[in-house]
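Heads up: the structure comes next, in structure tokens.
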Amino acid sequence: MRAAIEAARSGLDVAVVSKIYPVRSHSVAAQGGINAALKAADSWEAHMFDTVKGSDYLGDQDAIEVMCREAPSDILELERMGAVFSRDSEGNIAQRPFGGAGYPRTCYLADRTGHGMLHVMYEQLVKHGVFIYDEWHVLRLIVEDGSARGVIALELDTGKLHRLHSKSVVIATGGYGRVYRTTTNALSSTGDGMGLALDAGVPLMDMEFVQFHPTVLPRTGILMTEGARGEGGFLVNSKGERFMEKYAPKVKELASRDVVSRAEQTEIEEGRGVDGCVLLDLRHLGAEKIKTRLSQIRGLAIDFAGVDPVTTPVPVKPGSHYSMGGIAVDKDCQTAVPGLFAAGESACVSVHGANRLGGNSLLETIVFGRRAGVSAAEYCKATEAKPFPDSALREACHSVAMILKRDAGESIFALKSAMNDAMEDFCGIFRNKERLAKGYGKIRELQERYKKAALGDRSDYFNNELLHYLELGQMLDISECILLGAMNREESRGSHFRTDFPKRDDVNWLRHTLVHKEGGEFRLGYRDVSVTKFKPEERKY
């Protein structure tokens, strides 16, 4: 939406295509806040250092500098658009501490920051006359003679396929959390844009780096915001010990997310967990603070865990949360295909490297969403419209017809469940060669079974089973990319922890992984990391 607003401001004809209604986008679930160095005592340089360190030095420092430099002006522009933020006693935008940050720079709206921002973005779409094709699912990106020409999309309401002809396309489809069984992500977070880019000849970058959030409700995967620890919450084990003192003695619960997740998993695996969880203890914050600053968290804990954090610690565990990897783009969000851009979680600039700091994801969507809109608009103005290939719609229709006509085959829901199990069991927080190889073999087997799967529903109108089939195809490709990158990266860095290679290896692995799809097969390549201001050093918290 931020990209669409910026492109519309330049006078272009802009449309947003979304498989769900825009304000149901998973950004609505972002709780804790958005980072920016707004105070005189803080600086974009300090924000940059924290981000580089948090990335375990795999983030591209030229891109990180852009994000941190432009963050304050983008936050103030959001405020001018009408975004509501919590305020301090002087009326300024309130900021709270977050993990891995050396200064409290996370701006927030209680514990529902994404909700507030998303609705403001939607208002701006309406204001700028952006057309919205909601509940349209993009089947393929159309690339002809090396440049983007638009998309083919399925109108879910009717089952009809449409061609949308455009000079440029921006992919902003979010993450792929649903490849895992336990995830904070919405049902719609199936990595569609990443799969579409792969099929269009664009490489994905750093897919082995999957963030596991430390505080997730065990049965549902619902997120308990990092803001709960930012406000002073403790993590304790079955013995009542505040165990983060062992793993990150300086900052304890406010270490980076990969450090906290590994600490929790270690406590659980060594027998100091509570029914496969640890406990998030907020009781000492007091009822007033919990009810005002963490009201949504309290409601979620009561409704989905049966626990009131005012009186009782909340059981939590690590869960799949965020993709540091994604579609390979430069600082201006341009992919390897002219006219095709990407931003947000679906893209890899890379500003997060091997581990993202909390509060930097909403920031990335705003900074690079704006930059993607600028880049797409400039490309459109400098480029003549080229024809949409006649065969594209016919080929897409044929592909869908072949799926619908298949009258016998395995259920896609069984295949999806098997994929979730494989990724959870073999490509989680702790990895090794044997586990990853088993996971890779399982995903390859599921790829073959997927080709023969059949639908029970062959109707045209709102055929959700067809939608799930299309999503599963993308998720299997993404799972294979994650496992390939993880098997080949023989080191531990950020969220990628190999028990058989427990140390970071800057000599051999200070580089990005690239995955290309060619003829249905995947191949790996590598690219150097941009190091400008901060030389790699040991990461301690």
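By convention here, the chains of the structure tokens are called A, B, ... in the order presented, each chain's residues are numbered starting at 1, and ligands are numbered starting at 1 in the order presented.
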Considering only C-alpha atoms, give me a table of residues in segment 108-188 of chain A that are at most 9 Å from segment 3-12 of chain A, with the closest atom pair and distance in Å for each, as JSON lines.
{"residue": "A:Met121", "atom": "CA", "partner": "A:Ile5", "partner_atom": "CA", "distance": 8.1}
{"residue": "A:Gln124", "atom": "CA", "partner": "A:Ile5", "partner_atom": "CA", "distance": 6.7}
{"residue": "A:Leu125", "atom": "CA", "partner": "A:Ile5", "partner_atom": "CA", "distance": 6.0}
{"residue": "A:His128", "atom": "CA", "partner": "A:Ala8", "partner_atom": "CA", "distance": 6.3}
{"residue": "A:Gly129", "atom": "CA", "partner": "A:Ala8", "partner_atom": "CA", "distance": 7.8}
{"residue": "A:Val130", "atom": "CA", "partner": "A:Ala8", "partner_atom": "CA", "distance": 7.0}
{"residue": "A:Val170", "atom": "CA", "partner": "A:Ala3", "partner_atom": "CA", "distance": 7.7}
{"residue": "A:Ala172", "atom": "CA", "partner": "A:Ala3", "partner_atom": "CA", "distance": 8.7}
Output file for the residues above (N, CA and C atoms, as a tab-separated table (two decimals), in the first residue's frame):
chain	number	residue	atom	x	y	z
A	121	MET	N	-2.87	3.42	5.98
A	121	MET	CA	-2.46	3.17	4.59
A	121	MET	C	-3.68	2.97	3.69
A	124	GLN	N	-5.31	6.17	2.81
A	124	GLN	CA	-4.52	6.89	1.81
A	124	GLN	C	-4.73	6.31	0.41
A	125	LEU	N	-4.91	4.99	0.31
A	125	LEU	CA	-5.24	4.39	-1.00
A	125	LEU	C	-6.53	4.99	-1.54
A	128	HIS	N	-6.07	8.61	-2.67
A	128	HIS	CA	-5.32	8.79	-3.92
A	128	HIS	C	-5.96	8.06	-5.10
A	129	GLY	N	-7.14	7.51	-4.91
A	129	GLY	CA	-7.85	6.90	-6.03
A	129	GLY	C	-7.23	5.64	-6.57
A	130	VAL	N	-6.52	4.89	-5.73
A	130	VAL	CA	-5.92	3.63	-6.16
A	130	VAL	C	-7.02	2.57	-6.28
A	170	VAL	N	4.97	-4.33	-8.60
A	170	VAL	CA	5.64	-4.38	-7.30
A	170	VAL	C	5.07	-5.56	-6.52
A	172	ALA	N	4.60	-7.32	-3.05
A	172	ALA	CA	4.63	-6.97	-1.63
A	172	ALA	C	3.71	-7.92	-0.88
Quiz item: Among segment 80-163 of chain A, which residues carry a DSSP assignment of strand (DSSP E or B), reported as JSON, numbers by chain?
Solution: {"A": [87, 93, 95, 96, 106, 107, 131, 132, 133, 134, 136, 137, 138, 139, 140, 141, 142, 143, 144, 147, 148, 149, 150, 151, 152, 153, 154, 155, 160, 161, 162, 163]}
Give me a file of those residues, with N, CA, C and O atoms, as a compact mmCIF listing (two decimals), in the first residue's frame.
# COMPACT_ATOMS: atom_id res chain seq x y z
N ARG A 87 1.79 8.21 23.32
CA ARG A 87 2.55 9.44 23.59
C ARG A 87 3.21 9.38 24.96
O ARG A 87 2.71 8.73 25.88
N ILE A 93 5.90 11.24 20.41
CA ILE A 93 5.67 9.83 20.12
C ILE A 93 6.45 9.00 21.15
O ILE A 93 7.66 9.18 21.33
N GLN A 95 8.36 5.87 22.86
CA GLN A 95 9.27 4.84 22.35
C GLN A 95 9.64 3.89 23.48
O GLN A 95 9.92 4.33 24.61
N ARG A 96 9.66 2.58 23.17
CA ARG A 96 9.95 1.57 24.18
C ARG A 96 11.20 0.78 23.81
O ARG A 96 11.60 0.75 22.65
N THR A 106 11.67 2.23 19.72
CA THR A 106 10.54 1.59 19.06
C THR A 106 9.25 2.38 19.32
O THR A 106 8.74 2.40 20.45
N CYS A 107 8.78 3.08 18.29
CA CYS A 107 7.52 3.83 18.37
C CYS A 107 6.36 2.82 18.35
O CYS A 107 6.44 1.82 17.65
N PHE A 131 -7.07 1.88 -7.41
CA PHE A 131 -8.09 0.85 -7.61
C PHE A 131 -7.63 -0.43 -6.91
O PHE A 131 -6.46 -0.79 -6.97
N ILE A 132 -8.58 -1.11 -6.25
CA ILE A 132 -8.23 -2.32 -5.49
C ILE A 132 -8.96 -3.52 -6.06
O ILE A 132 -10.20 -3.56 -6.08
N TYR A 133 -8.20 -4.49 -6.55
CA TYR A 133 -8.75 -5.78 -6.96
C TYR A 133 -8.61 -6.71 -5.75
O TYR A 133 -7.62 -7.44 -5.63
N ASP A 134 -9.57 -6.66 -4.83
CA ASP A 134 -9.43 -7.52 -3.65
C ASP A 134 -10.08 -8.86 -3.90
O ASP A 134 -11.05 -8.99 -4.65
N TRP A 136 -8.52 -11.25 -5.45
CA TRP A 136 -7.97 -11.71 -6.72
C TRP A 136 -6.61 -12.33 -6.41
O TRP A 136 -5.77 -11.70 -5.77
N HIS A 137 -6.40 -13.54 -6.87
CA HIS A 137 -5.14 -14.25 -6.59
C HIS A 137 -4.28 -14.27 -7.85
O HIS A 137 -4.71 -14.76 -8.90
N VAL A 138 -3.07 -13.74 -7.74
CA VAL A 138 -2.16 -13.70 -8.89
C VAL A 138 -1.60 -15.10 -9.15
O VAL A 138 -1.00 -15.71 -8.27
N LEU A 139 -1.80 -15.58 -10.38
CA LEU A 139 -1.32 -16.91 -10.77
C LEU A 139 0.10 -16.88 -11.31
O LEU A 139 0.87 -17.80 -11.08
N ARG A 140 0.41 -15.83 -12.08
CA ARG A 140 1.77 -15.73 -12.62
C ARG A 140 2.11 -14.31 -13.01
O ARG A 140 1.24 -13.51 -13.35
N LEU A 141 3.40 -14.02 -12.89
CA LEU A 141 3.95 -12.76 -13.40
C LEU A 141 4.27 -12.98 -14.87
O LEU A 141 4.81 -14.02 -15.25
N ILE A 142 3.98 -12.00 -15.67
CA ILE A 142 4.25 -12.12 -17.11
C ILE A 142 5.52 -11.34 -17.45
O ILE A 142 5.59 -10.12 -17.26
N VAL A 143 6.51 -12.08 -17.91
CA VAL A 143 7.78 -11.49 -18.33
C VAL A 143 7.99 -11.87 -19.79
O VAL A 143 7.94 -13.06 -20.15
N GLU A 144 8.18 -10.88 -20.64
CA GLU A 144 8.37 -11.10 -22.08
C GLU A 144 9.59 -10.30 -22.54
O GLU A 144 9.72 -9.12 -22.21
N SER A 147 11.45 -8.30 -19.72
CA SER A 147 10.88 -7.25 -18.88
C SER A 147 9.45 -7.60 -18.46
O SER A 147 8.76 -8.36 -19.14
N ALA A 148 9.01 -7.01 -17.34
CA ALA A 148 7.68 -7.29 -16.80
C ALA A 148 6.60 -6.66 -17.66
O ALA A 148 6.74 -5.52 -18.12
N ARG A 149 5.49 -7.38 -17.86
CA ARG A 149 4.37 -6.87 -18.66
C ARG A 149 3.06 -6.83 -17.87
O ARG A 149 2.06 -6.37 -18.39
N GLY A 150 3.06 -7.38 -16.64
CA GLY A 150 1.83 -7.42 -15.86
C GLY A 150 1.65 -8.77 -15.22
O GLY A 150 2.62 -9.53 -15.03
N VAL A 151 0.38 -9.12 -14.90
CA VAL A 151 0.10 -10.37 -14.21
C VAL A 151 -1.17 -11.02 -14.77
O VAL A 151 -1.99 -10.36 -15.40
N ILE A 152 -1.29 -12.32 -14.52
CA ILE A 152 -2.54 -13.05 -14.72
C ILE A 152 -3.11 -13.31 -13.33
O ILE A 152 -2.41 -13.84 -12.45
N ALA A 153 -4.37 -12.96 -13.10
CA ALA A 153 -4.97 -13.13 -11.78
C ALA A 153 -6.30 -13.86 -11.87
O ALA A 153 -7.05 -13.71 -12.84
N LEU A 154 -6.58 -14.64 -10.83
CA LEU A 154 -7.83 -15.38 -10.71
C LEU A 154 -8.78 -14.59 -9.82
O LEU A 154 -8.46 -14.29 -8.67
N GLU A 155 -9.94 -14.23 -10.37
CA GLU A 155 -10.97 -13.54 -9.58
C GLU A 155 -11.72 -14.61 -8.78
O GLU A 155 -12.46 -15.42 -9.34
N LYS A 160 -13.03 -16.60 -12.81
CA LYS A 160 -12.50 -16.15 -14.10
C LYS A 160 -11.04 -15.70 -13.96
O LYS A 160 -10.64 -15.17 -12.93
N LEU A 161 -10.28 -15.90 -15.03
CA LEU A 161 -8.90 -15.43 -15.09
C LEU A 161 -8.85 -14.13 -15.89
O LEU A 161 -9.55 -13.98 -16.89
N HIS A 162 -8.03 -13.20 -15.42
CA HIS A 162 -7.92 -11.90 -16.06
C HIS A 162 -6.44 -11.57 -16.30
O HIS A 162 -5.58 -11.96 -15.52
N ARG A 163 -6.20 -10.82 -17.34
CA ARG A 163 -4.85 -10.29 -17.53
C ARG A 163 -4.86 -8.82 -17.13
O ARG A 163 -5.75 -8.06 -17.51
Polymer residues at most 7 Å from Thr113 of chain A, only C-alpha atoms, same-chain spacing of 4 or more positions, as a CSV table (one decimal) with N, CA and C atoms, in the first residue's frame:
chain,number,residue,atom,x,y,z
A,30,ALA,N,0.9,-7.0,13.5
A,30,ALA,CA,2.1,-6.5,14.0
A,30,ALA,C,1.8,-5.7,15.3
A,31,GLN,N,2.4,-6.1,16.4
A,31,GLN,CA,2.0,-5.6,17.7
A,31,GLN,C,3.0,-4.5,18.3
A,32,GLY,N,4.3,-4.9,18.4
A,32,GLY,CA,5.1,-4.1,19.3
A,32,GLY,C,5.6,-2.7,18.9
A,33,GLY,N,5.8,-2.5,17.6
A,33,GLY,CA,6.2,-1.1,17.2
A,33,GLY,C,7.0,-1.1,15.9
A,108,TYR,N,5.3,3.1,19.1
A,108,TYR,CA,4.2,2.1,19.2
A,108,TYR,C,2.9,2.7,19.4
A,109,LEU,N,1.9,2.0,19.1
A,109,LEU,CA,0.5,2.3,19.5
A,109,LEU,C,0.0,1.1,20.4
A,117,MET,N,-1.4,1.4,11.7
A,117,MET,CA,-0.7,1.8,10.5
A,117,MET,C,-1.5,1.3,9.2
Practice problem: Determine the nearest neighbour of Val236 of chain A from the options A:Met205, A:Ala200, A:Val314, A:Val169, counting only C-alpha atoms. | Solution: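 Checking each candidate against Val236 of chain A, we get A:Val314 as the closest.
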Practice problem: Would you kindly return, as a VMD selection string, each protein, DNA or RNA residue with an atom no farther than 12 Å from any atom of Gly353 of chain A, considering only C-alpha atoms and excluding same-chain residues fewer than 2 positions away? | Solution: chain A and resid 51 to 61 63 to 64 205 to 211 323 to 326 347 to 351 355 to 357 360 493 to 496 510 to 513 529 to 531
